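S.K.: You'll find run23.pdb just under this line, and it carries PDB, C-alpha atoms.
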ATOM      1  CA  LEU A   1     123.926 149.812 194.889  1.00  0.00           C
ATOM      2  CA  GLU A   2     120.935 147.516 194.762  1.00  0.00           C
ATOM      3  CA  CYS A   3     117.994 148.384 192.512  1.00  0.00           C
ATOM      4  CA  SER A   4     114.609 147.805 194.013  1.00  0.00           C
ATOM      5  CA  ALA A   5     112.755 148.202 190.641  1.00  0.00           C
ATOM      6  CA  PRO A   6     111.377 144.980 189.118  1.00  0.00           C
ATOM      7  CA  VAL A   7     113.285 143.600 186.136  1.00  0.00           C
ATOM      8  CA  ALA A   8     111.288 143.038 182.879  1.00  0.00           C
ATOM      9  CA  VAL A   9     111.518 139.466 181.505  1.00  0.00           C
ATOM     10  CA  TRP A  10     110.401 138.355 178.012  1.00  0.00           C
ATOM     11  CA  PRO A  11     107.413 135.939 178.005  1.00  0.00           C
ATOM     12  CA  GLU A  12     109.345 133.366 175.904  1.00  0.00           C
ATOM     13  CA  LEU A  13     111.929 133.139 178.660  1.00  0.00           C
ATOM     14  CA  GLN A  14     109.393 132.733 181.442  1.00  0.00           C
ATOM     15  CA  PRO A  15     108.802 129.148 182.747  1.00  0.00           C
ATOM     16  CA  ALA A  16     105.676 127.357 181.475  1.00  0.00           C
ATOM     17  CA  THR A  17     102.882 127.283 183.993  1.00  0.00           C
ATOM     18  CA  SER A  18      99.785 125.058 184.200  1.00  0.00           C
ATOM     19  CA  TRP A  19      97.484 127.596 182.573  1.00  0.00           C
ATOM     20  CA  HIS A  20      99.969 127.966 179.691  1.00  0.00           C
ATOM     21  CA  LEU A  21      99.847 124.214 179.085  1.00  0.00           C
ATOM     22  CA  ARG A  22      96.059 124.194 179.246  1.00  0.00           C
ATOM     23  CA  ASP A  23      95.813 126.944 176.635  1.00  0.00           C
ATOM     24  CA  MET A  24      98.244 125.098 174.312  1.00  0.00           C
ATOM     25  CA  ALA A  25      96.184 121.905 174.600  1.00  0.00           C
ATOM     26  CA  LYS A  26      93.052 123.828 173.664  1.00  0.00           C
ATOM     27  CA  LEU A  27      94.755 125.283 170.601  1.00  0.00           C
ATOM     28  CA  LEU A  28      96.238 121.971 169.396  1.00  0.00           C
ATOM     29  CA  GLY A  29      93.168 119.876 170.214  1.00  0.00           C
ATOM     30  CA  LYS A  30      93.060 117.075 172.725  1.00  0.00           C
ATOM     31  CA  SER A  31      93.962 113.582 171.402  1.00  0.00           C
ATOM     32  CA  LYS A  32      91.424 110.897 172.245  1.00  0.00           C
ATOM     33  CA  SER A  33      92.629 108.339 174.714  1.00  0.00           C
ATOM     34  CA  GLY A  34      93.024 104.703 173.632  1.00  0.00           C
ATOM     35  CA  ARG A  35      91.570 103.337 176.838  1.00  0.00           C
ATOM     36  CA  GLN A  36      88.503 101.148 176.655  1.00  0.00           C
ATOM     37  CA  LYS A  37      86.614  98.806 178.901  1.00  0.00           C
ATOM     38  CA  THR A  38      87.638  95.167 178.945  1.00  0.00           C
ATOM     39  CA  THR A  39      84.029  94.130 178.327  1.00  0.00           C
ATOM     40  CA  LEU A  40      83.949  96.207 175.135  1.00  0.00           C
ATOM     41  CA  LYS A  41      87.284  94.771 173.982  1.00  0.00           C
ATOM     42  CA  TYR A  42      86.199  91.152 174.472  1.00  0.00           C
ATOM     43  CA  ASN A  43      82.808  91.800 172.863  1.00  0.00           C
ATOM     44  CA  VAL A  44      84.517  93.179 169.734  1.00  0.00           C
ATOM     45  CA  ALA A  45      86.859  90.170 169.522  1.00  0.00           C
ATOM     46  CA  LYS A  46      83.891  87.802 169.892  1.00  0.00           C
ATOM     47  CA  ARG A  47      81.963  89.495 167.068  1.00  0.00           C
ATOM     48  CA  VAL A  48      84.990  89.344 164.766  1.00  0.00           C
ATOM     49  CA  ARG A  49      85.413  85.625 165.522  1.00  0.00           C
ATOM     50  CA  GLU A  50      81.761  84.902 164.772  1.00  0.00           C
ATOM     51  CA  HIS A  51      81.857  86.875 161.544  1.00  0.00           C
ATOM     52  CA  ARG A  52      84.902  84.995 160.273  1.00  0.00           C
ATOM     53  CA  ARG A  53      83.372  81.647 161.211  1.00  0.00           C
ATOM     54  CA  ARG A  54      80.184  82.559 159.337  1.00  0.00           C
ATOM     55  CA  VAL A  55      82.177  83.562 156.224  1.00  0.00           C
ATOM     56  CA  ARG A  56      84.106  80.254 156.261  1.00  0.00           C
ATOM     57  CA  LYS A  57      80.880  78.286 156.613  1.00  0.00           C
ATOM     58  CA  GLU A  58      79.271  80.036 153.643  1.00  0.00           C
ATOM     59  CA  ALA A  59      82.372  79.467 151.509  1.00  0.00           C
ATOM     60  CA  LYS A  60      82.310  75.771 152.414  1.00  0.00           C
ATOM     61  CA  LYS A  61      78.672  75.491 151.376  1.00  0.00           C
ATOM     62  CA  ALA A  62      79.389  77.257 148.075  1.00  0.00           C
ATOM     63  CA  GLY A  63      82.187  74.761 147.349  1.00  0.00           C
ATOM     64  CA  GLY A  64      84.916  77.388 147.120  1.00  0.00           C
ATOM     65  CA  ALA A  65      87.252  75.609 149.510  1.00  0.00           C
ATOM     66  CA  LYS A  66      89.879  73.465 147.800  1.00  0.00           C
ATOM     67  CA  LYS A  67      90.500  69.958 149.029  1.00  0.00           C
ATOM     68  CA  ARG A  68      94.008  69.166 150.054  1.00  0.00           C
ATOM     69  CA  THR A  69      95.661  66.523 147.904  1.00  0.00           C
ATOM     70  CA  LYS A  70      97.239  63.702 149.826  1.00  0.00           C
ATOM     71  CA  LYS A  71     100.881  62.993 149.224  1.00  0.00           C
ATOM     72  CA  ASP A  72     101.927  59.680 147.774  1.00  0.00           C
ATOM     73  CA  PRO A  73     103.426  57.730 150.671  1.00  0.00           C
ATOM     74  CA  GLY A  74     105.547  55.675 148.284  1.00  0.00           C
ATOM     75  CA  ILE A  75     106.484  52.005 148.510  1.00  0.00           C
ATOM     76  CA  PRO A  76     107.704  50.783 151.861  1.00  0.00           C
ATOM     77  CA  ASN A  77     111.002  48.909 152.030  1.00  0.00           C
ATOM     78  CA  SER A  78     109.300  45.833 153.450  1.00  0.00           C
ATOM     79  CA  TRP A  79     107.211  45.459 150.297  1.00  0.00           C
ATOM     80  CA  PRO A  80     108.099  42.238 148.414  1.00  0.00           C
ATOM     81  CA  PHE A  81     109.604  42.677 144.923  1.00  0.00           C
ATOM     82  CA  LYS A  82     109.974  46.431 145.430  1.00  0.00           C
ATOM     83  CA  ALA A  83     112.726  46.771 142.792  1.00  0.00           C
ATOM     84  CA  GLN A  84     110.614  45.033 140.127  1.00  0.00           C
ATOM     85  CA  LEU A  85     107.623  47.214 140.971  1.00  0.00           C
ATOM     86  CA  LEU A  86     109.729  50.363 140.679  1.00  0.00           C
ATOM     87  CA  GLU A  87     111.055  49.194 137.287  1.00  0.00           C
ATOM     88  CA  SER A  88     107.548  48.557 135.986  1.00  0.00           C
ATOM     89  CA  ILE A  89     106.460  51.997 137.192  1.00  0.00           C
ATOM     90  CA  GLU A  90     109.417  53.615 135.425  1.00  0.00           C
ATOM     91  CA  LYS A  91     108.617  51.695 132.226  1.00  0.00           C
ATOM     92  CA  GLN A  92     105.026  52.914 132.348  1.00  0.00           C
ATOM     93  CA  LYS A  93     106.242  56.489 132.840  1.00  0.00           C
ATOM     94  CA  LYS A  94     108.602  56.164 129.883  1.00  0.00           C
ATOM     95  CA  GLN A  95     105.834  54.733 127.703  1.00  0.00           C
ATOM     96  CA  LYS A  96     103.545  57.632 128.601  1.00  0.00           C
ATOM     97  CA  GLU A  97     106.307  60.138 127.873  1.00  0.00           C
ATOM     98  CA  ASP A  98     107.054  58.459 124.512  1.00  0.00           C
ATOM     99  CA  GLU A  99     103.365  58.525 123.587  1.00  0.00           C
ATOM    100  CA  LEU A 100     103.133  62.192 124.494  1.00  0.00           C
ATOM    101  CA  ALA A 101     106.274  62.954 122.473  1.00  0.00           C
ATOM    102  CA  LYS A 102     104.845  61.071 119.449  1.00  0.00           C
ATOM    103  CA  LYS A 103     101.553  62.931 119.711  1.00  0.00           C
ATOM    104  CA  ARG A 104     103.356  66.258 119.929  1.00  0.00           C
ATOM    105  CA  LYS A 105     105.526  65.373 116.942  1.00  0.00           C
ATOM    106  CA  GLU A 106     102.473  64.309 114.918  1.00  0.00           C
ATOM    107  CA  GLN A 107     100.718  67.544 115.818  1.00  0.00           C
ATOM    108  CA  ARG A 108     103.775  69.568 114.775  1.00  0.00           C
ATOM    109  CA  ASP A 109     104.058  67.682 111.472  1.00  0.00           C
ATOM    110  CA  LYS A 110     100.359  68.165 110.865  1.00  0.00           C
ATOM    111  CA  ALA A 111     100.641  71.871 111.591  1.00  0.00           C
ATOM    112  CA  LYS A 112     103.577  72.166 109.176  1.00  0.00           C
ATOM    113  CA  GLU A 113     101.650  70.324 106.448  1.00  0.00           C
ATOM    114  CA  ASP A 114      98.655  72.552 107.008  1.00  0.00           C
ATOM    115  CA  GLN A 115     100.864  75.606 106.696  1.00  0.00           C
ATOM    116  CA  LYS A 116     102.372  74.287 103.460  1.00  0.00           C
ATOM    117  CA  GLN A 117      98.921  73.564 102.030  1.00  0.00           C
ATOM    118  CA  GLN A 118      97.726  77.031 102.991  1.00  0.00           C
ATOM    119  CA  ALA A 119     100.788  78.570 101.330  1.00  0.00           C
ATOM    120  CA  LEU A 120     100.149  76.532  98.157  1.00  0.00           C
ATOM    121  CA  GLU A 121      96.493  77.525  98.136  1.00  0.00           C
ATOM    122  CA  ARG A 122      97.438  81.167  98.524  1.00  0.00           C
ATOM    123  CA  ALA A 123      99.949  80.880  95.662  1.00  0.00           C
ATOM    124  CA  ARG A 124      97.278  79.267  93.470  1.00  0.00           C
ATOM    125  CA  GLU A 125      94.804  81.981  94.326  1.00  0.00           C
ATOM    126  CA  ILE A 126      97.391  84.626  93.450  1.00  0.00           C
ATOM    127  CA  GLU A 127      98.136  82.898  90.132  1.00  0.00           C
ATOM    128  CA  ASP A 128      94.430  82.647  89.334  1.00  0.00           C
ATOM    129  CA  ARG A 129      93.968  86.328  90.078  1.00  0.00           C
ATOM    130  CA  GLU A 130      96.925  87.242  87.863  1.00  0.00           C
ATOM    131  CA  THR A 131      95.586  85.116  84.997  1.00  0.00           C
ATOM    132  CA  LEU A 132      92.156  86.693  85.318  1.00  0.00           C
ATOM    133  CA  ARG A 133      93.710  90.148  85.317  1.00  0.00           C
ATOM    134  CA  LYS A 134      95.757  89.308  82.221  1.00  0.00           C
ATOM    135  CA  GLU A 135      92.669  87.967  80.444  1.00  0.00           C
ATOM    136  CA  LYS A 136      90.699  91.087  81.337  1.00  0.00           C
ATOM    137  CA  ARG A 137      93.516  93.292  80.091  1.00  0.00           C
ATOM    138  CA  ALA A 138      93.778  91.301  76.846  1.00  0.00           C
ATOM    139  CA  LYS A 139      90.015  91.585  76.311  1.00  0.00           C
ATOM    140  CA  ALA A 140      90.088  95.302  76.999  1.00  0.00           C
ATOM    141  CA  LEU A 141      92.960  95.766  74.532  1.00  0.00           C
ATOM    142  CA  ALA A 142      91.151  93.704  71.876  1.00  0.00           C
ATOM    143  CA  GLU A 143      87.997  95.769  72.339  1.00  0.00           C
ATOM    144  CA  ARG A 144      89.989  98.983  72.056  1.00  0.00           C
ATOM    145  CA  GLU A 145      91.671  97.746  68.869  1.00  0.00           C
ATOM    146  CA  LYS A 146      88.277  96.802  67.415  1.00  0.00           C
ATOM    147  CA  GLU A 147      86.880 100.204  68.262  1.00  0.00           C
ATOM    148  CA  ALA A 148      89.936 101.866  66.731  1.00  0.00           C
ATOM    149  CA  ASN A 149      89.578  99.755  63.553  1.00  0.00           C
ATOM    150  CA  LYS A 150      85.895 100.605  63.327  1.00  0.00           C
ATOM    151  CA  ALA A 151      86.662 104.274  63.769  1.00  0.00           C
ATOM    152  CA  GLY A 152      89.384 104.030  61.087  1.00  0.00           C
ATOM    153  CA  LYS A 153      87.004 102.293  58.653  1.00  0.00           C
ATOM    154  CA  LYS A 154      84.359 104.923  59.251  1.00  0.00           C
ATOM    155  CA  GLY A 155      86.941 107.635  58.610  1.00  0.00           C
ATOM    156  CA  ASP A 156      88.029 105.921  55.354  1.00  0.00           C
ATOM    157  CA  GLY A 157      84.413 105.620  54.232  1.00  0.00           C
ATOM    158  CA  GLU A 158      83.782 109.271  54.934  1.00  0.00           C
ATOM    159  CA  MET A 159      86.949 110.199  53.025  1.00  0.00           C
ATOM    160  CA  GLU A 160      85.803 108.105  50.040  1.00  0.00           C
ATOM    161  CA  ASP A 161      82.372 109.747  50.120  1.00  0.00           C
ATOM    162  CA  ASP A 162      84.034 113.146  50.188  1.00  0.00           C
ATOM    163  CA  ASP A 163      86.211 112.162  47.226  1.00  0.00           C
ATOM    164  CA  GLU A 164      83.166 110.950  45.288  1.00  0.00           C
ATOM    165  CA  ASP A 165      81.333 114.153  46.099  1.00  0.00           C
ATOM    166  CA  ASP A 166      84.323 116.133  44.896  1.00  0.00           C
ATOM    167  CA  ASP A 167      84.460 114.079  41.659  1.00  0.00           C
ATOM    168  CA  ASP A 168      80.734 114.579  41.043  1.00  0.00           C
ATOM    169  CA  SER A 169      80.967 118.263  41.677  1.00  0.00           C
ATOM    170  CA  GLY A 170      83.982 118.473  39.353  1.00  0.00           C
ATOM    171  CA  GLU A 171      82.150 116.645  36.574  1.00  0.00           C
ATOM    172  CA  GLU A 172      79.082 118.849  37.007  1.00  0.00           C
ATOM    173  CA  GLY A 173      81.277 121.920  36.874  1.00  0.00           C
ATOM    174  CA  GLU A 174      82.909 120.710  33.672  1.00  0.00           C
ATOM    175  CA  GLU A 175      79.497 119.995  32.098  1.00  0.00           C
ATOM    176  CA  GLU A 176      78.296 123.445  33.045  1.00  0.00           C
ATOM    177  CA  GLU A 177      81.431 124.963  31.567  1.00  0.00           C
ATOM    178  CA  ASP A 178      80.874 122.985  28.339  1.00  0.00           C
ATOM    179  CA  GLU A 179      77.274 124.172  28.162  1.00  0.00           C
ATOM    180  CA  ASP A 180      78.354 127.745  28.746  1.00  0.00           C
ATOM    181  CA  MET A 181      80.943 127.427  25.980  1.00  0.00           C
ATOM    182  CA  GLU A 182      78.351 126.002  23.597  1.00  0.00           C
ATOM    183  CA  GLY A 183      75.919 128.801  24.436  1.00  0.00           C
ATOM    184  CA  ASP A 184      78.605 131.425  23.765  1.00  0.00           C
ATOM    185  CA  GLU A 185      79.471 129.800  20.430  1.00  0.00           C
ATOM    186  CA  GLU A 186      75.791 129.763  19.418  1.00  0.00           C
ATOM    187  CA  GLU A 187      75.410 133.419  20.352  1.00  0.00           C
ATOM    188  CA  GLU A 188      78.524 134.319  18.366  1.00  0.00           C
ATOM    189  CA  GLY A 189      77.163 132.355  15.353  1.00  0.00           C
ATOM    190  CA  GLU A 190      73.839 134.192  15.541  1.00  0.00           C
ATOM    191  CA  GLU A 191      75.625 137.557  15.773  1.00  0.00           C
ATOM    192  CA  SER A 192      77.775 136.709  12.749  1.00  0.00           C
ATOM    193  CA  GLU A 193      74.672 135.716  10.717  1.00  0.00           C
ATOM    194  CA  GLU A 194      72.930 138.968  11.658  1.00  0.00           C
ATOM    195  CA  GLU A 195      75.994 140.966  10.581  1.00  0.00           C
ATOM    196  CA  LYS A 196      76.083 139.119   7.243  1.00  0.00           C
ATOM    197  CA  ALA A 197      72.401 139.837   6.659  1.00  0.00           C
ATOM    198  CA  GLU A 198      72.956 143.556   7.392  1.00  0.00           C
ATOM    199  CA  ASP A 199      75.883 143.726   4.978  1.00  0.00           C
ATOM    200  CA  LYS A 200      73.791 142.178   2.211  1.00  0.00           C
ATOM    201  CA  ALA A 201      70.987 144.689   2.756  1.00  0.00           C
ATOM    202  CA  GLU A 202      73.406 147.620   2.557  1.00  0.00           C
ATOM    203  CA  ALA A 203      74.870 146.272  -0.665  1.00  0.00           C
TER     204      ALA A 203
END
Using structure tokens, write down the structure from this file.

M.R.:
Amino acid sequence: LECSAPVAVWPELQPATSWHLRDMAKLLGKSKSGRQKTTLKYNVAKRVREHRRRVRKEAKKAGGAKKRTKKDPGIPNSWPFKAQLLESIEKQKKQKEDELAKKRKEQRDKAKEDQKQQALERAREIEDRETLRKEKRAKALAEREKEANKAGKKGDGEMEDDDEDDDDSGEEGEEEEDEDMEGDEEEEGEESEEEKAEDKAEA
């Protein structure tokens, strides 16, 4: 049996039509074509050429361009006495090299001597500093000893004064005691005389 009803087909499986492609181009955005007129192309190339030429000219005027050094052509084989000339040139080169080597050696020796002198000067400066420090320390110690001696002498003098004060006070105390004893003896003598007088009167 044949079915006359239309069959449903998914849109992904349907073939792409022209309007589908147009819609996709709108969504993605059209890419600009690289075509241009030949007149425009040649005009651009001409302007670039002129610009570069102008830049080179300005650099030449400013003196930025380096001159090419010419190569030494050497001595031709037909030159008379070529071997002797080459020997003299080699001798001159050797002399120059020897002079340069001597100068370099002298400079190295001079630098070494300068370094030695600087080291000696530094050692002397260090020794001088150490001697000055030692002298300062010795002076400080001497001053401290003097101050200590002075303080000791002052303490001894104060002790002697205290001893003298103690001796004086002791002597004064003894004198006072002697005076008190004498006064007591005199009072006892007077009392004994009064008692004797009273006894005589009673008799």

S.K.: Grab the atom CA of Val55 of chain A to atom CA of Lys41 of chain A distance for me, in Å with one decimal place.

M.R.: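 Computing it gives 21.6 Å between the two atoms.
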
S.K.: Need the axis-aligned box for segment 130-139 of chain A with 8 Å each side, so what are the centre and edges in Å to one decimal, as JSON?

M.R.:
{"center_x": 93.5, "center_y": 89.2, "center_z": 82.1, "size_x": 22.9, "size_y": 24.2, "size_z": 27.6}

S.K.: Just give me the gap between atom CA of Gly74 of chain A and atom CA of Glu87 of chain A in Å, one decimal is fine.

M.R.: 13.9 Å

S.K.: So how far away is atom CA of Ala142 of chain A from atom CA of Ile126 of chain A, in Å?

M.R.: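 One can read the atom CA of Ile126 of chain A to atom CA of Ala142 of chain A distance as 24.2 Å.
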
S.K.: Complete the atoms of segment 31-59 of chain A to N, CA and C atoms and put them out as a tab-separated table (two decimals), in the frame of the given file.

M.R.:
chain	number	residue	atom	x	y	z
A	31	SER	N	93.97	114.89	172.06
A	31	SER	CA	93.96	113.58	171.40
A	31	SER	C	93.13	112.62	172.25
A	32	LYS	N	92.30	111.82	171.53
A	32	LYS	CA	91.42	110.90	172.24
A	32	LYS	C	92.25	109.77	172.86
A	33	SER	N	91.90	109.40	174.03
A	33	SER	CA	92.63	108.34	174.71
A	33	SER	C	92.28	106.98	174.11
A	34	GLY	N	93.24	106.05	174.16
A	34	GLY	CA	93.02	104.70	173.63
A	34	GLY	C	92.47	103.73	174.65
A	35	ARG	N	92.10	104.21	175.81
A	35	ARG	CA	91.57	103.34	176.84
A	35	ARG	C	90.16	102.89	176.48
A	36	GLN	N	89.87	101.66	176.82
A	36	GLN	CA	88.50	101.15	176.66
A	36	GLN	C	88.24	100.07	177.72
A	37	LYS	N	86.98	99.80	177.91
A	37	LYS	CA	86.61	98.81	178.90
A	37	LYS	C	86.97	97.43	178.40
A	38	THR	N	87.31	96.55	179.32
A	38	THR	CA	87.64	95.17	178.94
A	38	THR	C	86.43	94.45	178.37
A	39	THR	N	85.24	94.76	178.88
A	39	THR	CA	84.03	94.13	178.33
A	39	THR	C	83.84	94.49	176.86
A	40	LEU	N	84.08	95.77	176.53
A	40	LEU	CA	83.95	96.21	175.14
A	40	LEU	C	84.98	95.52	174.24
A	41	LYS	N	86.22	95.41	174.76
A	41	LYS	CA	87.28	94.77	173.98
A	41	LYS	C	86.96	93.31	173.67
A	42	TYR	N	86.51	92.57	174.68
A	42	TYR	CA	86.20	91.15	174.47
A	42	TYR	C	84.96	90.97	173.60
A	43	ASN	N	83.99	91.88	173.72
A	43	ASN	CA	82.81	91.80	172.86
A	43	ASN	C	83.17	92.00	171.39
A	44	VAL	N	84.07	92.92	171.12
A	44	VAL	CA	84.52	93.18	169.73
A	44	VAL	C	85.24	91.96	169.18
A	45	ALA	N	86.12	91.36	169.96
A	45	ALA	CA	86.86	90.17	169.52
A	45	ALA	C	85.90	89.02	169.24
A	46	LYS	N	84.87	88.87	170.08
A	46	LYS	CA	83.89	87.80	169.89
A	46	LYS	C	83.11	87.98	168.59
A	47	ARG	N	82.71	89.24	168.30
A	47	ARG	CA	81.96	89.50	167.07
A	47	ARG	C	82.81	89.23	165.82
A	48	VAL	N	84.08	89.59	165.90
A	48	VAL	CA	84.99	89.34	164.77
A	48	VAL	C	85.14	87.86	164.52
A	49	ARG	N	85.29	87.08	165.62
A	49	ARG	CA	85.41	85.62	165.52
A	49	ARG	C	84.19	85.02	164.87
A	50	GLU	N	83.01	85.45	165.31
A	50	GLU	CA	81.76	84.90	164.77
A	50	GLU	C	81.60	85.24	163.29
A	51	HIS	N	81.97	86.45	162.95
A	51	HIS	CA	81.86	86.88	161.54
A	51	HIS	C	82.75	86.02	160.65
A	52	ARG	N	83.98	85.81	161.08
A	52	ARG	CA	84.90	85.00	160.27
A	52	ARG	C	84.42	83.56	160.16
A	53	ARG	N	83.90	83.01	161.26
A	53	ARG	CA	83.37	81.65	161.21
A	53	ARG	C	82.20	81.55	160.24
A	54	ARG	N	81.33	82.56	160.24
A	54	ARG	CA	80.18	82.56	159.34
A	54	ARG	C	80.64	82.61	157.87
A	55	VAL	N	81.65	83.44	157.60
A	55	VAL	CA	82.18	83.56	156.22
A	55	VAL	C	82.77	82.24	155.76
A	56	ARG	N	83.52	81.55	156.63
A	56	ARG	CA	84.11	80.25	156.26
A	56	ARG	C	83.03	79.22	155.97
A	57	LYS	N	81.97	79.24	156.78
A	57	LYS	CA	80.88	78.29	156.61
A	57	LYS	C	80.18	78.49	155.28
A	58	GLU	N	79.93	79.75	154.92
A	58	GLU	CA	79.27	80.04	153.64
A	58	GLU	C	80.14	79.63	152.46
A	59	ALA	N	81.46	79.86	152.58
A	59	ALA	CA	82.37	79.47	151.51
A	59	ALA	C	82.41	77.95	151.35
